[in-house]
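The structure appears right after this line, and notes come after that.
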Amino acid sequence: MGRYVVRRLLQMVPVFIGTTFLIFVMVHALGDPVNALFGDRAPDPAVAAQIRAQYNLDDPLWLQYVKYMGRLFRWDFGTTFSGQSVTSLLATAFPTTLRLTAVAFVIEVVLGIALGLLSGLRRGALADSGVLVLTLVVISVPTFVTGYVLQYLVGVKWGVVPATVGDQLTLDRLILPGIVLASVSLAYVARLTRTTVAENARADYVRTAVAKGLPRGRVVVNHLLRNSLIPVVTFLGTDLGALMGGALVTERIFNIHGVGYYLYQGIVRQSTSTVVGFVTILVIIYLAANLLVDLLYAVLDPRIRYA
Amino acid sequence: MPDQEKYHEADPLAEAGTEELELQSAVENRTFDLGTMEAQSVLKNERQQDGPGTPGADDRMAARSLWQDAWYDLRRNPVFIVSGLLILFLIVTALWPGLLTSTDPLRCDLSRSQQSATAGHPFGFDNQGCDVYARTVYGARASITVGVCATAGAALVGTLLGGVAGYAGGWFDSVVSRLADVFFGIPILLGGLVFLSVVPSQSIWIVVAFIVVLGWPQIARISRGSVITVKQQDYVTAARALGAGGVRTLLRHILPNAVAPIIVVATIALGTYIALEATLSFLGVGLKPPTVSWGIDISSASDSFRNAPHMLLYPAGALSITVLAFIMLGDAVRDALDPKLR
Amino acid sequence: MATSVSSRQTDPRAAESGPVDAPLLRVRDLHVEFRTRDGVARAVNGVGFSVRAGETLAVLGESGSGKSVTAQAVMGILDSPPGFVTGGEILFKGRDLLKMGSDERRKIRGSQLAMIFQDALSALNPVHSVGWQLGEMFRVHRGASRKEARARAVELMERVRIPAAKERVNDYPHQFSGGMRQRIMIAMALALEPDLIIADEPTTALDVTVQAQVMELLAELQAEYRMGLILITHDLGVVADVADKIAVMYAGRIVETAPVHELYARPAHPYTRGLLDSIPRLDQKGQELYAIKGLPPNLLRIPAGCAFNPRCPMAQQICRQEVPRLFSVTEEDGSAVAGRGSACFFWRETLRG
């Protein structure tokens, strides 16, 4: 187990460096932040030079990256050009997005696994075909379309829940954006669960469990589902990246001031430190989730643990 | 008696199953999306097929019968026929939009802004007073172009890099695999937002290039995996033993048999790339006017959705049906290529 | 009259003329079919047999002969769909299992009627420790606490002679050798001291040396608990040492039943004879080995008449027209041989020829 963890951690290092560097290069190499700061006005050369020095913009790119990462490890993400510290922006934005993601994640896990289990156990039945068609449609209709349509129907026309969220992050306001954000992932989870459940239902150990005289519920939960969830958990972990990406869209539809909102603002104003800071954090979360999944995988599947 | 069995605990065969598992990591094995999920099932079943009782070791015969059987199945699959015809129709629309409408999507009349359907304009007008029907028809071109070109690019790069990595192994494999990890470390929508917002030009080819850059690792992983699987099969060893050279083995024996899962992922990826392009355009970083794109139209229609839902619903419907058609096609192809389901 | 006899192929009296005490398990005229896309495969067509406490019945047959399906039908673990029991009765301690409610039947499974599977690696759940899987029997059927269940699991592992049971109780199936895993399988079947165990090819997946050990252990435990044992196998060598009586199956029917030594000495069915002749023997070294020609029948299209007729060296016109019932086999003087039956019109010729 220890060896496994260490190996995964070591493999994560080059990926982390590579990914953050890639983002850093994308943002820095392709736009001039100082010019962007001044917008249409021609920048005063002296001021421009001062800003360049302050943000290490004259150093070669790799040195800028190293310096940036150095500050990052001291939890200093720099300041936006308007003087606000990126850390404080992060502090406002992340709890919001985290809440939204958490709501979506719960919906995704509970509904996705339930639907997948239902359809996997009744393969070929009406419920199964229903789930298959439904998930296919959900996957095919882009999130922003689902978002607007649901917002209009549920929020405006029927008035079941508030149509926009704004700054009030109550559960009843977050439930609709949560469903929209979760929808595509939910469909994947349902399909994946269905496949593995249907596959494992014919496994010898499930037959053994039946032959042991276990009640059906116990066979399904402790033997069938327990084994089928291993790939599902893997998917859920890696799907966190997709959820955070999707949050950009969902937050825009429902007017939620989370990561997507600030990131979008940063991009529009070409605020490099905001963009790099936010994206780096998102990538770190994504990689951390992957690592967590690897460890969880080892917990769930003992054949990995003792390898 | 127990002592005698100690010997078997040291038996290398007893551990054979776990050795393979040791190489697995959740992240290396992860199923990212529908395409990967489907392809892995094809792969897994190919592996299972390699058991005893599989008749015929001649790879060319096996390959031919696999494709022939698949084609036989597909021709009888209503899902395949429907999605195939739909895609054919979409391609024709993308190539010759003039066949379906004589209205210019860019000739707009502000006085007709947001008007609903009238004679000759079945889908009504958008904010600028452009004909929604014409824009929906012409929007197919951008989506299909991005989808087809990005998939072709990603499939080419991914198959080549992944295939060679899987075949050659060693340092090249390590470099490609880590590189794929790095690109995978960036959630695709996030990467798109950052990358496309700093690139000054908003031509369709920039979007294609971006999707290729972030999309190839998915195909590379599948292609690497299937090449490794096929490489270990008996008929490849036999070909080598008979003196077939490296390139010949790769082209004649490995590639034809490794290509099935790649086709499945690529088809489904095509659908998701179209959705991705629309999402990026919706966020304002993908295609830009005057390019006619469903994503742009949906984005500009979203503000007045409550007053004039037709502006959003028609391009959104076209987009959804297009994505659905490609995903359904991939599903059908997967079913046909999956030996276990037959 | 003739048709009713041929459809009810098994005459229970032919196989059943020993002591009068009631058998533990009596299967009568069992029919199982699989409804597949390609048609209905009739896997079991009127099988009947009985097992008493302490007795071992070996069911012998090639793959596809219906022996495993019979076992699954008795256990009630048939995959359904596509498998359906379409007729017959399975009397366990005098009660018909097929007429019981599913919950009642479940409670009998595992506690009174247990099964040992062929491939212990796939039959044990890979993600639970062996101790947990053994203990589950006590927790579900006996309501034992976790701690208690664990202690009983260790006892069981010691009972099947797994070394260092206490240390290994938390290990997972893949950490054991093949022979040890099969012992755990046996321990699981034994856990609640059932009255009858069905062992489906329990040693096929094992090395030859380990096979003997596992069979020995099984026989020993059976004698100790005085359990009935149904041993399903295709291996004539395994049967000879442990079984009391044998039922040979072909194409979903029992074609011959006999006490074990009788069967080896004087087979009364051409199929059994063919099986015995195809065992390599030292005294026939250098001669060509006998093999039954042809292939086992496709269950979707079982030949008319005796299913074995296309492969049978003795087949006559009647074999292609009429299904032979299980005839009682008698000595030349007409005296019955206990428990012998043969579903061959020419059993006399086969017995003596």
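Residue numbering restarts at 1 for every chain of the structure tokens, chains are lettered A, B, ... in their displayed order, and ligands are numbered from 1 as they appear.
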
Check: Which of region 115-172 of chain B counts as helix (DSSP H, G or I) under DSSP, as a ChimeraX atom specification please?
Finding: /B:132-168,170-172

Keeping only N, CA and C atoms, write the selected residues as a compact mmCIF listing (two decimals), in the first residue's frame.
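Saved file result-v9.txt follows:
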# COMPACT_ATOMS: atom_id res chain seq x y z
N VAL B 132 -33.81 32.95 -38.81
CA VAL B 132 -33.29 31.89 -37.93
C VAL B 132 -33.14 30.58 -38.70
N TYR B 133 -34.08 30.34 -39.62
CA TYR B 133 -33.99 29.10 -40.40
C TYR B 133 -32.71 29.07 -41.23
N ALA B 134 -32.44 30.18 -41.91
CA ALA B 134 -31.23 30.23 -42.73
C ALA B 134 -29.98 30.10 -41.85
N ARG B 135 -29.99 30.75 -40.70
CA ARG B 135 -28.83 30.67 -39.82
C ARG B 135 -28.65 29.26 -39.26
N THR B 136 -29.76 28.59 -38.98
CA THR B 136 -29.66 27.22 -38.48
C THR B 136 -29.08 26.31 -39.56
N VAL B 137 -29.54 26.51 -40.82
CA VAL B 137 -29.02 25.69 -41.91
C VAL B 137 -27.54 25.96 -42.12
N TYR B 138 -27.17 27.23 -42.17
CA TYR B 138 -25.78 27.56 -42.42
C TYR B 138 -24.88 27.23 -41.22
N GLY B 139 -25.47 27.18 -40.02
CA GLY B 139 -24.67 26.86 -38.82
C GLY B 139 -24.11 25.45 -38.86
N ALA B 140 -24.74 24.55 -39.62
CA ALA B 140 -24.25 23.17 -39.69
C ALA B 140 -22.81 23.14 -40.19
N ARG B 141 -22.48 24.06 -41.10
CA ARG B 141 -21.15 24.02 -41.69
C ARG B 141 -20.06 24.17 -40.62
N ALA B 142 -20.19 25.17 -39.77
CA ALA B 142 -19.16 25.39 -38.75
C ALA B 142 -19.05 24.17 -37.83
N SER B 143 -20.20 23.68 -37.38
CA SER B 143 -20.17 22.57 -36.44
C SER B 143 -19.56 21.32 -37.06
N ILE B 144 -20.03 20.98 -38.26
CA ILE B 144 -19.52 19.77 -38.91
C ILE B 144 -18.04 19.91 -39.23
N THR B 145 -17.65 21.09 -39.72
CA THR B 145 -16.23 21.29 -40.04
C THR B 145 -15.37 21.11 -38.80
N VAL B 146 -15.76 21.80 -37.72
CA VAL B 146 -14.97 21.68 -36.50
C VAL B 146 -14.94 20.23 -36.04
N GLY B 147 -16.11 19.59 -36.01
CA GLY B 147 -16.18 18.22 -35.53
C GLY B 147 -15.33 17.28 -36.35
N VAL B 148 -15.50 17.32 -37.67
CA VAL B 148 -14.78 16.38 -38.53
C VAL B 148 -13.28 16.65 -38.51
N CYS B 149 -12.90 17.91 -38.68
CA CYS B 149 -11.48 18.22 -38.76
C CYS B 149 -10.78 17.95 -37.42
N ALA B 150 -11.42 18.36 -36.32
CA ALA B 150 -10.79 18.15 -35.02
C ALA B 150 -10.65 16.66 -34.73
N THR B 151 -11.68 15.89 -35.08
CA THR B 151 -11.60 14.45 -34.83
C THR B 151 -10.53 13.82 -35.70
N ALA B 152 -10.49 14.23 -36.98
CA ALA B 152 -9.47 13.68 -37.87
C ALA B 152 -8.08 13.99 -37.34
N GLY B 153 -7.88 15.25 -36.93
CA GLY B 153 -6.57 15.64 -36.41
C GLY B 153 -6.21 14.87 -35.15
N ALA B 154 -7.14 14.86 -34.20
CA ALA B 154 -6.86 14.20 -32.92
C ALA B 154 -6.64 12.70 -33.13
N ALA B 155 -7.43 12.11 -34.04
CA ALA B 155 -7.30 10.67 -34.29
C ALA B 155 -5.95 10.38 -34.94
N LEU B 156 -5.55 11.22 -35.87
CA LEU B 156 -4.28 11.00 -36.55
C LEU B 156 -3.12 11.10 -35.56
N VAL B 157 -3.07 12.24 -34.84
CA VAL B 157 -1.98 12.45 -33.89
C VAL B 157 -2.02 11.37 -32.80
N GLY B 158 -3.21 11.14 -32.26
CA GLY B 158 -3.35 10.20 -31.16
C GLY B 158 -3.00 8.78 -31.56
N THR B 159 -3.51 8.34 -32.71
CA THR B 159 -3.23 6.98 -33.15
C THR B 159 -1.75 6.79 -33.39
N LEU B 160 -1.15 7.78 -34.05
CA LEU B 160 0.27 7.68 -34.38
C LEU B 160 1.11 7.63 -33.11
N LEU B 161 0.94 8.64 -32.25
CA LEU B 161 1.76 8.70 -31.04
C LEU B 161 1.48 7.51 -30.13
N GLY B 162 0.19 7.25 -29.90
CA GLY B 162 -0.17 6.16 -29.00
C GLY B 162 0.25 4.82 -29.55
N GLY B 163 0.03 4.62 -30.86
CA GLY B 163 0.37 3.34 -31.47
C GLY B 163 1.86 3.07 -31.41
N VAL B 164 2.66 4.08 -31.80
CA VAL B 164 4.11 3.89 -31.77
C VAL B 164 4.57 3.70 -30.33
N ALA B 165 3.99 4.47 -29.40
CA ALA B 165 4.37 4.33 -27.99
C ALA B 165 4.08 2.92 -27.50
N GLY B 166 2.91 2.42 -27.84
CA GLY B 166 2.54 1.09 -27.39
C GLY B 166 3.40 0.02 -28.04
N TYR B 167 3.74 0.24 -29.31
CA TYR B 167 4.51 -0.76 -30.03
C TYR B 167 5.97 -0.75 -29.60
N ALA B 168 6.53 0.47 -29.50
CA ALA B 168 7.96 0.57 -29.20
C ALA B 168 8.23 0.41 -27.71
N GLY B 170 9.44 1.45 -23.95
CA GLY B 170 10.67 2.14 -23.56
C GLY B 170 10.47 3.61 -23.29
N TRP B 171 11.51 4.40 -23.56
CA TRP B 171 11.48 5.82 -23.19
C TRP B 171 10.42 6.57 -23.97
N PHE B 172 10.23 6.19 -25.24
CA PHE B 172 9.26 6.91 -26.06
C PHE B 172 7.87 6.77 -25.45

Next item on the list: Just need the residues of chain C within 12 Å of chain B, counting only C-alpha atoms, so spit them out as number ranges by chain.
Entry: C: 37-38, 121-122, 126, 158, 160-165, 172-181, 183, 205-214, 216-217

Next item on the list: Check every residue of chain C for an atom within 9 Å of chain A, counting only C-alpha atoms, and provide those that qualify as an MDAnalysis selection string.
Entry: chainID C and resid 75:79 103 105:111 113:117 119:129 136:137 140:141 172 174:175 188:189

Please write the residues from the selection above to a file, keeping N, CA and C atoms, as a short mmCIF file (atom, residue, chain, number, x, y, z; two decimals), in the first residue's frame.
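So again.cif came out as:
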data_model
loop_
_atom_site.label_atom_id
_atom_site.label_comp_id
_atom_site.auth_asym_id
_atom_site.auth_seq_id
_atom_site.Cartn_x
_atom_site.Cartn_y
_atom_site.Cartn_z
N MET C 75 -30.07 -26.21 -6.55
CA MET C 75 -29.69 -25.14 -5.63
C MET C 75 -30.65 -23.96 -5.73
N GLY C 76 -31.29 -23.84 -6.86
CA GLY C 76 -32.15 -22.67 -7.09
C GLY C 76 -31.35 -21.44 -7.47
N ILE C 77 -30.25 -21.63 -8.19
CA ILE C 77 -29.43 -20.49 -8.60
C ILE C 77 -29.31 -20.42 -10.11
N LEU C 78 -30.30 -20.96 -10.77
CA LEU C 78 -30.32 -20.92 -12.23
C LEU C 78 -30.48 -19.46 -12.69
N ASP C 79 -29.73 -19.06 -13.69
CA ASP C 79 -29.91 -17.71 -14.24
C ASP C 79 -31.25 -17.66 -14.96
N ASP C 103 -38.36 -16.93 -0.32
CA ASP C 103 -37.66 -16.62 0.93
C ASP C 103 -37.37 -17.90 1.72
N ARG C 105 -36.98 -20.79 0.45
CA ARG C 105 -35.95 -21.50 -0.28
C ARG C 105 -34.57 -20.91 -0.01
N ARG C 106 -34.55 -19.59 0.07
CA ARG C 106 -33.28 -18.92 0.35
C ARG C 106 -32.72 -19.35 1.69
N LYS C 107 -33.60 -19.50 2.69
CA LYS C 107 -33.12 -19.87 4.03
C LYS C 107 -32.55 -21.28 4.05
N ILE C 108 -33.03 -22.12 3.16
CA ILE C 108 -32.48 -23.48 3.08
C ILE C 108 -31.11 -23.46 2.41
N ARG C 109 -30.99 -22.59 1.39
CA ARG C 109 -29.70 -22.46 0.70
C ARG C 109 -28.64 -22.02 1.69
N GLY C 110 -27.50 -22.67 1.64
CA GLY C 110 -26.42 -22.25 2.51
C GLY C 110 -26.47 -22.92 3.86
N SER C 111 -27.68 -23.02 4.46
CA SER C 111 -27.73 -23.63 5.78
C SER C 111 -27.96 -25.13 5.72
N LEU C 113 -28.43 -26.77 2.45
CA LEU C 113 -28.08 -27.23 1.12
C LEU C 113 -26.99 -26.27 0.63
N ALA C 114 -25.79 -26.78 0.43
CA ALA C 114 -24.70 -25.87 0.09
C ALA C 114 -24.01 -26.33 -1.17
N MET C 115 -23.24 -25.42 -1.76
CA MET C 115 -22.61 -25.75 -3.03
C MET C 115 -21.15 -25.32 -3.05
N ILE C 116 -20.34 -26.14 -3.66
CA ILE C 116 -18.92 -25.82 -3.87
C ILE C 116 -18.73 -25.62 -5.36
N PHE C 117 -18.11 -24.50 -5.72
CA PHE C 117 -17.97 -24.19 -7.14
C PHE C 117 -16.61 -24.59 -7.67
N ASP C 119 -14.32 -22.92 -9.84
CA ASP C 119 -13.17 -22.02 -9.84
C ASP C 119 -13.28 -21.09 -8.64
N ALA C 120 -12.54 -21.43 -7.59
CA ALA C 120 -12.69 -20.68 -6.35
C ALA C 120 -12.24 -19.23 -6.50
N LEU C 121 -11.30 -18.97 -7.42
CA LEU C 121 -10.82 -17.59 -7.57
C LEU C 121 -11.95 -16.68 -8.03
N SER C 122 -12.73 -17.14 -8.98
CA SER C 122 -13.81 -16.27 -9.44
C SER C 122 -15.07 -16.43 -8.60
N ALA C 123 -15.17 -17.55 -7.88
CA ALA C 123 -16.38 -17.78 -7.09
C ALA C 123 -16.33 -17.06 -5.75
N LEU C 124 -15.13 -16.66 -5.32
CA LEU C 124 -15.04 -15.87 -4.10
C LEU C 124 -14.99 -14.41 -4.49
N ASN C 125 -15.60 -13.58 -3.68
CA ASN C 125 -15.64 -12.15 -4.01
C ASN C 125 -14.25 -11.54 -3.79
N PRO C 126 -13.66 -10.94 -4.84
CA PRO C 126 -12.29 -10.46 -4.72
C PRO C 126 -12.11 -9.29 -3.75
N VAL C 127 -13.19 -8.58 -3.43
CA VAL C 127 -12.99 -7.37 -2.64
C VAL C 127 -13.31 -7.55 -1.16
N HIS C 128 -13.70 -8.75 -0.76
CA HIS C 128 -13.92 -8.98 0.66
C HIS C 128 -12.92 -10.02 1.16
N SER C 129 -12.48 -9.86 2.41
CA SER C 129 -11.54 -10.83 2.97
C SER C 129 -12.24 -12.18 3.13
N GLU C 136 -19.94 -14.19 6.91
CA GLU C 136 -21.23 -13.74 6.41
C GLU C 136 -22.29 -14.83 6.59
N MET C 137 -21.88 -16.08 6.45
CA MET C 137 -22.82 -17.18 6.63
C MET C 137 -23.45 -17.14 8.02
N VAL C 140 -25.66 -13.84 8.55
CA VAL C 140 -26.96 -13.80 7.89
C VAL C 140 -27.89 -14.90 8.41
N HIS C 141 -27.37 -16.11 8.48
CA HIS C 141 -28.26 -17.22 8.84
C HIS C 141 -28.44 -17.38 10.34
N TYR C 172 -7.17 -11.69 1.43
CA TYR C 172 -8.15 -11.71 0.35
C TYR C 172 -7.93 -12.94 -0.53
N HIS C 174 -7.23 -13.53 -3.54
CA HIS C 174 -6.10 -13.62 -4.46
C HIS C 174 -4.78 -13.87 -3.76
N GLN C 175 -4.78 -13.76 -2.44
CA GLN C 175 -3.52 -13.98 -1.71
C GLN C 175 -3.32 -15.45 -1.36
N MET C 188 -16.67 -22.69 3.36
CA MET C 188 -17.87 -21.87 3.26
C MET C 188 -19.11 -22.75 3.12
N ALA C 189 -18.98 -23.81 2.32
CA ALA C 189 -20.11 -24.72 2.15
C ALA C 189 -20.42 -25.46 3.45
#

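Distance-wise, CA of Leu324 (chain B) and CA of Gly260 (chain A) end up 27.2 Å apart.
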
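Counting only C-alpha atoms, every residue of chain A that comes within 7 Å of chain B is listed here: A:Val15, A:Gly18, A:Thr19, A:Met26, A:Val27, A:Leu30, A:Gly31, A:Val137, A:Ser140, A:Val141, A:Pro142, A:Val145, A:Tyr152, A:Tyr188, A:Thr234, A:Phe235, A:Gly241, A:Ala242, A:Gly245, A:Ile267, A:Val283, A:Leu287, A:Asn290, A:Val293, A:Asp294, A:Tyr297, A:Arg303, A:Ile304, A:Ala307.
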
Notebook entry, point to check: Which residues, written as an MDAnalysis selection string, have at least one atom at most 6 Å from region 253-264 of chain B, with only C-alpha atoms counted and residues fewer than 2 positions away on the same chain left out?
Noted result: chainID B and resid 39 226:227 249:251 266:267 330 334

Applying 9 Å and only C-alpha atoms, which residues near Gly135 (chain C) remain after dropping the ones on its own chain fewer than 4 positions away? List them as a PDB file with N, CA and C atoms, in the first residue's frame.
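Dumped everything to around_19.pdb:
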ATOM      1  N   VAL C 130     -11.445 -13.241   3.132  1.00  0.00           N
ATOM      2  CA  VAL C 130     -12.054 -14.567   3.232  1.00  0.00           C
ATOM      3  C   VAL C 130     -12.786 -14.709   4.569  1.00  0.00           C
ATOM      4  N   GLY C 131     -12.216 -14.088   5.608  1.00  0.00           N
ATOM      5  CA  GLY C 131     -12.867 -14.155   6.915  1.00  0.00           C
ATOM      6  C   GLY C 131     -14.256 -13.532   6.872  1.00  0.00           C
ATOM      7  N   ARG C 139     -23.451 -14.558  10.081  1.00  0.00           N
ATOM      8  CA  ARG C 139     -24.150 -13.299  10.359  1.00  0.00           C
ATOM      9  C   ARG C 139     -25.544 -13.293   9.743  1.00  0.00           C
ATOM     10  N   VAL C 140     -25.661 -13.844   8.552  1.00  0.00           N
ATOM     11  CA  VAL C 140     -26.961 -13.805   7.891  1.00  0.00           C
ATOM     12  C   VAL C 140     -27.895 -14.897   8.410  1.00  0.00           C
ATOM     13  N   ALA C 144     -25.183 -13.825  13.927  1.00  0.00           N
ATOM     14  CA  ALA C 144     -24.007 -13.676  14.793  1.00  0.00           C
ATOM     15  C   ALA C 144     -23.455 -12.257  14.719  1.00  0.00           C
ATOM     16  N   ARG C 146     -20.275  -9.463  14.572  1.00  0.00           N
ATOM     17  CA  ARG C 146     -19.060  -9.449  13.765  1.00  0.00           C
ATOM     18  C   ARG C 146     -17.955 -10.282  14.398  1.00  0.00           C
ATOM     19  N   GLU C 148     -18.093 -12.592  16.714  1.00  0.00           N
ATOM     20  CA  GLU C 148     -18.425 -14.012  16.761  1.00  0.00           C
ATOM     21  C   GLU C 148     -18.201 -14.658  15.388  1.00  0.00           C
ATOM     22  N   ALA C 149     -18.673 -13.955  14.356  1.00  0.00           N
ATOM     23  CA  ALA C 149     -18.560 -14.471  12.999  1.00  0.00           C
ATOM     24  C   ALA C 149     -17.099 -14.674  12.626  1.00  0.00           C
ATOM     25  N   ARG C 150     -16.267 -13.738  13.072  1.00  0.00           N
ATOM     26  CA  ARG C 150     -14.851 -13.842  12.763  1.00  0.00           C
ATOM     27  C   ARG C 150     -14.229 -15.056  13.442  1.00  0.00           C
ATOM     28  N   ALA C 151     -14.599 -15.247  14.705  1.00  0.00           N
ATOM     29  CA  ALA C 151     -14.067 -16.387  15.450  1.00  0.00           C
ATOM     30  C   ALA C 151     -14.484 -17.695  14.771  1.00  0.00           C
ATOM     31  N   ARG C 152     -15.732 -17.751  14.324  1.00  0.00           N
ATOM     32  CA  ARG C 152     -16.204 -18.958  13.654  1.00  0.00           C
ATOM     33  C   ARG C 152     -15.482 -19.156  12.320  1.00  0.00           C
ATOM     34  N   ALA C 153     -15.170 -18.044  11.654  1.00  0.00           N
ATOM     35  CA  ALA C 153     -14.441 -18.132  10.390  1.00  0.00           C
ATOM     36  C   ALA C 153     -13.062 -18.744  10.609  1.00  0.00           C
ATOM     37  N   VAL C 154     -12.401 -18.305  11.679  1.00  0.00           N
ATOM     38  CA  VAL C 154     -11.073 -18.856  11.979  1.00  0.00           C
ATOM     39  C   VAL C 154     -11.193 -20.352  12.257  1.00  0.00           C
ATOM     40  N   MET C 188     -16.672 -22.688   3.361  1.00  0.00           N
ATOM     41  CA  MET C 188     -17.874 -21.870   3.263  1.00  0.00           C
ATOM     42  C   MET C 188     -19.113 -22.747   3.121  1.00  0.00           C
ATOM     43  N   ALA C 191     -19.907 -24.378   6.442  1.00  0.00           N
ATOM     44  CA  ALA C 191     -20.028 -23.461   7.582  1.00  0.00           C
ATOM     45  C   ALA C 191     -21.189 -23.818   8.509  1.00  0.00           C
TER      46      ALA C 191
END
